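**Student:** Let me begin by handing over the structure; questions about it come next.
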Amino acid sequence: MDAHHTSGVSISCLSEADSVAASLSADLGVGFADFDAAMAMTPETMVEVASLSKTVAAAFALEYFAAKKIPMTTSVNQLLAEARAEFRLQAGAGVPEAWADEVTLAHLVNHTGLGMHYVPGISRSSAMPPAEELVMGQHESELGYPEIKVLKRPGVEFGYSGGGFLVLQTLLEAMEQRDIEDIMRPFLDSCGMRDFTFRQEDLPGFQYAQGYFDDGSKVPDGRLMFPALAAGGLGTTRALANFWRHL
């Protein structure tokens with residue numbers, strides 16, 4: 001941990017029987033969740049799961065759209081229109097306009113449809129904007145989120161894409177007229193992920209790990225906020241282990 005400048009580590013293991021042991025003896029917390037406050041890392045400590053949020057989102061999307069009998073080959077723009085969302089995918093400069101309508105649900109989660117490799121972190125001193133405002137570029141100047149546009153032929157070339165998951169969140173919230181936490185809560189609970197959330201604020205009764213830069217200084221306000229499905233998940237390592245078991 002010292003060699004990698006890491007203040008704390010949390011570990012949970014799947015058993016050989018493909019189940020998660022119920023006792024805390026199967027889980028391990030080492031070091032500090034908050035070094036400055038000498039707050040120990042425990043198996044119950046909530047940590048940012050970063051881009052593993054995408055994996056959880058993709059698994060949910062497969063089950064959600066299958067239950068609605070909507071093929072993953074369905075056009076995203078078609079579904080956005082049916083949901084009466086304000087946002088539509090548009091082609092970028094020099095790209096055929098027809099490509100915008102060719103982006104499918106599958107392209108959003110397999111990184112072959114859109115761009116925005118990294119989704120910038122947002123200070124917790126600010127309010128978290130709705131996903132639709134981010135994909136429409138309404139916060140580009142202050143938060144660094146340009147409008148999401150189609151810049152390549154969908155389905156042809158892999159390119160890691162946080163933008164695809166921003167659009168997925170926008171679509172789901174438009175279809176359900178609820179925020180993504182409420183939409184996904186039943187799925188998360190069914191996976192044994194009760195100690196996992198997309199809420200960016202501290203929830204009562206939970207302990208959160210604090211973020212630190214490489215030089216050892218603490219991230220202001222403890223951590224940054226991220227759009228839910230692209231990188232905004234917060235949870236225990238046990239919750240993630242339960243998710244792997246669900247898969």
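Here's how to read the names in the structure tokens: chain A, B, ... by the order shown, residue numbers from 1 in each chain, ligand numbers from 1 in the order shown.
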Excluding same-chain residues fewer than 6 positions from Val167 in chain A, what lies within 8 Å of it counting only C-alpha atoms, as a PyMOL selection string?

**Tutor:** chain A and resi 108+131-132+135

**Student:** Any chance you could export the current selection's N, CA and C atoms as a PDB file, in the first residue's frame?

**Tutor:**
ATOM      1  N   LEU A 108     -24.403   1.555 -27.587  1.00  0.00           N
ATOM      2  CA  LEU A 108     -24.182   2.368 -26.388  1.00  0.00           C
ATOM      3  C   LEU A 108     -23.341   1.635 -25.359  1.00  0.00           C
ATOM      4  N   ALA A 131     -28.559  14.117 -16.593  1.00  0.00           N
ATOM      5  CA  ALA A 131     -27.783  13.534 -17.691  1.00  0.00           C
ATOM      6  C   ALA A 131     -28.137  14.177 -19.023  1.00  0.00           C
ATOM      7  N   GLU A 132     -29.420  14.486 -19.233  1.00  0.00           N
ATOM      8  CA  GLU A 132     -29.828  15.057 -20.516  1.00  0.00           C
ATOM      9  C   GLU A 132     -29.165  16.413 -20.755  1.00  0.00           C
ATOM     10  N   VAL A 135     -25.522  15.605 -21.933  1.00  0.00           N
ATOM     11  CA  VAL A 135     -25.368  15.111 -23.309  1.00  0.00           C
ATOM     12  C   VAL A 135     -25.703  16.190 -24.332  1.00  0.00           C
TER      13      VAL A 135
END

**Student:** Go through range 23-105 of chain A and flag each residue having an atom no more than 9 Å from range 237-246 of chain A; for those, report the closest pair of atoms plus their distance in Å to one decimal, using only C-alpha atoms, ordered by chain and rising number, as a Markdown table.

**Tutor:**
| residue | atom | partner | partner_atom | distance |
| --- | --- | --- | --- | --- |
| A:Asp27 | CA | A:Arg238 | CA | 7.5 |
| A:Pro43 | CA | A:Thr237 | CA | 7.0 |
| A:Glu44 | CA | A:Arg238 | CA | 8.1 |
| A:Thr45 | CA | A:Thr237 | CA | 8.3 |
| A:Met46 | CA | A:Thr237 | CA | 8.0 |
| A:Val47 | CA | A:Thr237 | CA | 7.9 |
| A:Val49 | CA | A:Thr237 | CA | 8.7 |
| A:Leu52 | CA | A:Leu240 | CA | 8.9 |
| A:Val56 | CA | A:Phe243 | CA | 7.8 |

**Student:** Mind checking which residues fall within 8 Å of Glu181 in chain A, counting only C-alpha atoms, ignoring those fewer than 5 positions away in the same chain, and posting them as a ChimeraX atom specification?

**Tutor:** /A:197-199

**Student:** Would you mind reading off the distance between CA of Leu105 in chain A and CA of Leu172 in chain A, one decimal, in Å?

**Tutor:**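 Spanning CA of Leu105 in chain A to CA of Leu172 in chain A is a straight-line distance of 11.0 Å.
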
**Student:** Compare A:Met1, A:Met175, A:Ala231, A:Ala58 by their minimum atom-to-atom distance to Val30 in chain A, counting only C-alpha atoms, and give me the closest one.

**Tutor:**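 The shortest atom-to-atom distance to Val30 in chain A comes from A:Met1.
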
**Student:** Quick one: everything within 12 Å of Phe60 in chain A, counting only C-alpha atoms, minus sequence neighbours fewer than 6 positions away in the same chain. Send it as a list in words.

**Tutor:**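 Near Phe60 in chain A, the qualifying residues are Ser53, Lys54, Ala66, Ala67, Val109, Phe165, Leu168, Gln169, Leu172, Ile180, Ile183, Met184, Arg185, Pro186, Phe187, Leu188, Asp189, Ser190, Cys191, Leu229, Phe243, His246 and Leu247 of chain A.
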
**Student:** Save the residues we just selected, N, CA and C atoms, as a CSV table (one decimal), in the first residue's frame?

**Tutor:**
chain,number,residue,atom,x,y,z
A,53,SER,N,-19.1,0.9,-13.0
A,53,SER,CA,-20.5,1.4,-13.1
A,53,SER,C,-21.1,1.0,-14.5
A,54,LYS,N,-20.2,1.1,-15.5
A,54,LYS,CA,-20.7,0.7,-16.9
A,54,LYS,C,-21.1,-0.8,-17.0
A,66,ALA,N,-34.8,-6.5,-22.6
A,66,ALA,CA,-35.4,-7.9,-22.9
A,66,ALA,C,-36.8,-8.0,-22.3
A,67,ALA,N,-37.0,-7.5,-21.1
A,67,ALA,CA,-38.3,-7.6,-20.5
A,67,ALA,C,-39.3,-6.8,-21.2
A,109,VAL,N,-23.5,0.3,-25.3
A,109,VAL,CA,-22.9,-0.4,-24.2
A,109,VAL,C,-21.6,-1.2,-24.6
A,165,PHE,N,-22.8,5.7,-22.2
A,165,PHE,CA,-23.6,5.4,-21.0
A,165,PHE,C,-24.3,6.6,-20.5
A,168,LEU,N,-27.3,6.4,-22.6
A,168,LEU,CA,-28.2,5.3,-22.0
A,168,LEU,C,-29.0,5.8,-20.8
A,169,GLN,N,-28.3,6.5,-19.9
A,169,GLN,CA,-29.0,7.1,-18.7
A,169,GLN,C,-30.1,8.1,-19.2
A,172,LEU,N,-33.1,6.0,-20.5
A,172,LEU,CA,-33.8,5.3,-19.5
A,172,LEU,C,-34.7,6.3,-18.6
A,180,ILE,N,-32.3,7.6,-12.3
A,180,ILE,CA,-31.7,6.3,-12.6
A,180,ILE,C,-31.6,5.5,-11.3
A,183,ILE,N,-35.0,3.8,-10.9
A,183,ILE,CA,-35.2,2.9,-12.0
A,183,ILE,C,-34.5,1.6,-11.7
A,184,MET,N,-33.2,1.7,-11.3
A,184,MET,CA,-32.4,0.5,-11.1
A,184,MET,C,-32.4,-0.1,-9.7
A,185,ARG,N,-33.1,0.5,-8.8
A,185,ARG,CA,-33.0,0.0,-7.4
A,185,ARG,C,-33.5,-1.4,-7.3
A,186,PRO,N,-34.6,-1.8,-7.9
A,186,PRO,CA,-35.1,-3.2,-7.8
A,186,PRO,C,-34.1,-4.2,-8.4
A,187,PHE,N,-33.4,-3.8,-9.5
A,187,PHE,CA,-32.4,-4.7,-10.1
A,187,PHE,C,-31.2,-4.8,-9.1
A,188,LEU,N,-30.7,-3.7,-8.6
A,188,LEU,CA,-29.6,-3.7,-7.6
A,188,LEU,C,-29.9,-4.6,-6.4
A,189,ASP,N,-31.1,-4.4,-5.9
A,189,ASP,CA,-31.5,-5.2,-4.7
A,189,ASP,C,-31.5,-6.7,-5.0
A,190,SER,N,-32.0,-7.0,-6.2
A,190,SER,CA,-32.1,-8.4,-6.6
A,190,SER,C,-30.8,-9.1,-6.8
A,191,CYS,N,-29.8,-8.2,-7.0
A,191,CYS,CA,-28.4,-8.7,-7.2
A,191,CYS,C,-27.7,-8.8,-5.9
A,229,LEU,N,-24.3,6.1,-14.7
A,229,LEU,CA,-24.0,4.9,-15.4
A,229,LEU,C,-22.6,4.9,-16.0
A,243,PHE,N,-22.7,-8.9,-7.3
A,243,PHE,CA,-23.1,-8.6,-8.7
A,243,PHE,C,-22.4,-9.7,-9.6
A,246,HIS,N,-24.4,-12.7,-9.6
A,246,HIS,CA,-25.6,-12.6,-10.4
A,246,HIS,C,-25.3,-12.9,-11.8
A,247,LEU,N,-24.2,-12.4,-12.3
A,247,LEU,CA,-23.9,-12.6,-13.7
A,247,LEU,C,-23.7,-14.1,-14.0

**Student:** Can you pull out every residue from range 55-197 of chain A that DSSP, working from the backbone, puts in helix (DSSP H, G or I), and format the result as a PyMOL selection string?

**Tutor:** chain A and resi 55-67+76-82+98-102+105-109+131-135+140-143+162-176+180-190

**Student:** If you keep C-alpha atoms, can you produce a file of those selected residues as a PDB file, in the first residue's frame?

**Tutor:**
ATOM      1  CA  THR A  55     -20.632  -3.074 -16.310  1.00  0.00           C
ATOM      2  CA  VAL A  56     -23.536  -2.844 -13.872  1.00  0.00           C
ATOM      3  CA  ALA A  57     -25.381  -0.565 -16.302  1.00  0.00           C
ATOM      4  CA  ALA A  58     -24.849  -2.898 -19.266  1.00  0.00           C
ATOM      5  CA  ALA A  59     -26.156  -5.913 -17.328  1.00  0.00           C
ATOM      6  CA  PHE A  60     -29.224  -3.943 -16.271  1.00  0.00           C
ATOM      7  CA  ALA A  61     -29.837  -2.707 -19.818  1.00  0.00           C
ATOM      8  CA  LEU A  62     -29.806  -6.243 -21.231  1.00  0.00           C
ATOM      9  CA  GLU A  63     -32.424  -7.376 -18.705  1.00  0.00           C
ATOM     10  CA  TYR A  64     -34.492  -4.188 -18.914  1.00  0.00           C
ATOM     11  CA  PHE A  65     -34.872  -4.083 -22.677  1.00  0.00           C
ATOM     12  CA  ALA A  66     -35.373  -7.853 -22.929  1.00  0.00           C
ATOM     13  CA  ALA A  67     -38.261  -7.578 -20.461  1.00  0.00           C
ATOM     14  CA  VAL A  76     -31.533   4.939 -29.960  1.00  0.00           C
ATOM     15  CA  ASN A  77     -33.021   7.957 -31.723  1.00  0.00           C
ATOM     16  CA  GLN A  78     -36.222   5.998 -32.344  1.00  0.00           C
ATOM     17  CA  LEU A  79     -36.557   5.248 -28.640  1.00  0.00           C
ATOM     18  CA  LEU A  80     -35.685   8.822 -27.652  1.00  0.00           C
ATOM     19  CA  ALA A  81     -38.440  10.075 -29.954  1.00  0.00           C
ATOM     20  CA  GLU A  82     -40.957   7.580 -28.572  1.00  0.00           C
ATOM     21  CA  ALA A  98     -27.793   8.982 -41.506  1.00  0.00           C
ATOM     22  CA  TRP A  99     -25.242   7.597 -39.049  1.00  0.00           C
ATOM     23  CA  ALA A 100     -27.027   9.284 -36.127  1.00  0.00           C
ATOM     24  CA  ASP A 101     -30.087   7.074 -36.585  1.00  0.00           C
ATOM     25  CA  GLU A 102     -27.902   3.971 -36.970  1.00  0.00           C
ATOM     26  CA  LEU A 105     -28.788   0.197 -27.891  1.00  0.00           C
ATOM     27  CA  ALA A 106     -26.005  -2.340 -28.330  1.00  0.00           C
ATOM     28  CA  HIS A 107     -23.655   0.364 -29.595  1.00  0.00           C
ATOM     29  CA  LEU A 108     -24.182   2.368 -26.388  1.00  0.00           C
ATOM     30  CA  VAL A 109     -22.861  -0.438 -24.182  1.00  0.00           C
ATOM     31  CA  ALA A 131     -27.783  13.534 -17.691  1.00  0.00           C
ATOM     32  CA  GLU A 132     -29.828  15.057 -20.516  1.00  0.00           C
ATOM     33  CA  GLU A 133     -28.311  18.491 -19.869  1.00  0.00           C
ATOM     34  CA  LEU A 134     -24.823  16.970 -20.015  1.00  0.00           C
ATOM     35  CA  VAL A 135     -25.368  15.111 -23.309  1.00  0.00           C
ATOM     36  CA  GLU A 140     -19.573  22.392 -21.556  1.00  0.00           C
ATOM     37  CA  SER A 141     -17.989  25.665 -20.473  1.00  0.00           C
ATOM     38  CA  GLU A 142     -18.024  25.088 -16.707  1.00  0.00           C
ATOM     39  CA  LEU A 143     -17.907  21.275 -16.464  1.00  0.00           C
ATOM     40  CA  GLY A 162     -18.359   7.116 -21.416  1.00  0.00           C
ATOM     41  CA  GLY A 163     -20.672   9.067 -23.696  1.00  0.00           C
ATOM     42  CA  GLY A 164     -22.612   5.946 -24.633  1.00  0.00           C
ATOM     43  CA  PHE A 165     -23.554   5.392 -21.010  1.00  0.00           C
ATOM     44  CA  LEU A 166     -24.516   9.038 -20.567  1.00  0.00           C
ATOM     45  CA  VAL A 167     -26.939   8.617 -23.472  1.00  0.00           C
ATOM     46  CA  LEU A 168     -28.184   5.318 -22.010  1.00  0.00           C
ATOM     47  CA  GLN A 169     -28.988   7.080 -18.729  1.00  0.00           C
ATOM     48  CA  THR A 170     -30.740   9.880 -20.613  1.00  0.00           C
ATOM     49  CA  LEU A 171     -32.838   7.347 -22.528  1.00  0.00           C
ATOM     50  CA  LEU A 172     -33.810   5.286 -19.478  1.00  0.00           C
ATOM     51  CA  GLU A 173     -34.813   8.359 -17.485  1.00  0.00           C
ATOM     52  CA  ALA A 174     -36.878   9.640 -20.426  1.00  0.00           C
ATOM     53  CA  MET A 175     -38.627   6.291 -20.829  1.00  0.00           C
ATOM     54  CA  GLU A 176     -39.399   5.894 -17.132  1.00  0.00           C
ATOM     55  CA  ILE A 180     -31.736   6.341 -12.580  1.00  0.00           C
ATOM     56  CA  GLU A 181     -31.415   5.326  -8.915  1.00  0.00           C
ATOM     57  CA  ASP A 182     -35.152   4.681  -8.653  1.00  0.00           C
ATOM     58  CA  ILE A 183     -35.195   2.871 -12.007  1.00  0.00           C
ATOM     59  CA  MET A 184     -32.354   0.517 -11.107  1.00  0.00           C
ATOM     60  CA  ARG A 185     -33.038   0.012  -7.386  1.00  0.00           C
ATOM     61  CA  PRO A 186     -35.084  -3.206  -7.804  1.00  0.00           C
ATOM     62  CA  PHE A 187     -32.366  -4.684 -10.054  1.00  0.00           C
ATOM     63  CA  LEU A 188     -29.594  -3.723  -7.641  1.00  0.00           C
ATOM     64  CA  ASP A 189     -31.456  -5.208  -4.687  1.00  0.00           C
ATOM     65  CA  SER A 190     -32.144  -8.429  -6.603  1.00  0.00           C
TER      66      SER A 190
END

**Student:** Need the shell around Met136 in chain A: protein/DNA/RNA residues with any atom at most 8 Å away, counting only C-alpha atoms. Skip same-chain ones fewer than 4 positions apart. Format as a ChimeraX atom specification?

**Tutor:** /A:87,132,146-148

**Student:** Counting only C-alpha atoms, which of A:Ser7, A:Asn110, A:Ser123, A:Gln138 gets nearest to Phe213 in chain A?

**Tutor:**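 Nearest candidate to Phe213 in chain A out of A:Ser7, A:Asn110, A:Ser123, A:Gln138: A:Ser7.
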
**Student:** Would you give me, as a PyMOL selection string, the residues in range 1-233 of chain A that DSSP reads as strand (DSSP E or B)?

**Tutor:** chain A and resi 8-12+14+20+27-34+39-40+45-50+75+91+104+122+150+196-197+207-208+212+218+225+233

**Student:** Skip Gln200 in chain A itself and residues of its chain fewer than 5 positions away, then list as a VMD selection string all residues within 10 Å of it, counting only C-alpha atoms.

**Tutor:** chain A and resid 48 124 127 to 128 223 to 228 232 to 234

**Student:** Which residues of range 118-214 of chain A sit at most 12 Å from range 9-13 of chain A, using only C-alpha atoms? Give each one's shortest atom pair and distance in Å (one decimal place), in chain and ascending residue order, as a Markdown table.

**Tutor:**
| residue | atom | partner | partner_atom | distance |
| --- | --- | --- | --- | --- |
| A:Tyr208 | CA | A:Ser10 | CA | 11.9 |
| A:Ala209 | CA | A:Val9 | CA | 9.8 |
| A:Gln210 | CA | A:Val9 | CA | 11.8 |

**Student:** Could those selected residues go to a file with N, CA and C atoms, as a compact mmCIF listing (two decimals), in the first residue's frame?

**Tutor:**
# COMPACT_ATOMS: atom_id res chain seq x y z
N TYR A 208 -18.12 6.46 3.93
CA TYR A 208 -17.56 6.64 2.60
C TYR A 208 -16.05 6.83 2.66
N ALA A 209 -15.35 6.15 1.77
CA ALA A 209 -13.91 6.36 1.65
C ALA A 209 -13.63 7.74 1.07
N GLN A 210 -12.57 8.35 1.52
CA GLN A 210 -12.15 9.67 1.03
C GLN A 210 -11.09 9.49 -0.05

**Student:** Looking at A:Gln90, A:Thr104, A:Ser51, A:Ser217, which one is nearest to Ser75 in chain A, with distances taken over only C-alpha atoms?

**Tutor:**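 Answer, going by the shortest atom-to-atom distance: A:Thr104.
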
**Student:** For each of A:Gly216, A:Pro120, A:Gly31, A:Gly192, take the minimum atom-to-atom distance to His5 in chain A, counting only C-alpha atoms, then give the residue where this is smallest.

**Tutor:**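 Closest to His5 in chain A of all the choices is A:Gly216.
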
**Student:** Quick one: pull the distance between CA of Ile122 in chain A and CA of Gly137 in chain A, Å, one decimal.

**Tutor:**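 Between CA of Ile122 in chain A and CA of Gly137 in chain A the gap is 14.7 Å.
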
**Student:** Expressed in Å to a single decimal, how great is the separation between CA of Leu151 in chain A and CA of Ala91 in chain A?

**Tutor:**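 If I compute the distance from CA of Leu151 in chain A to CA of Ala91 in chain A, I get 6.5 Å.
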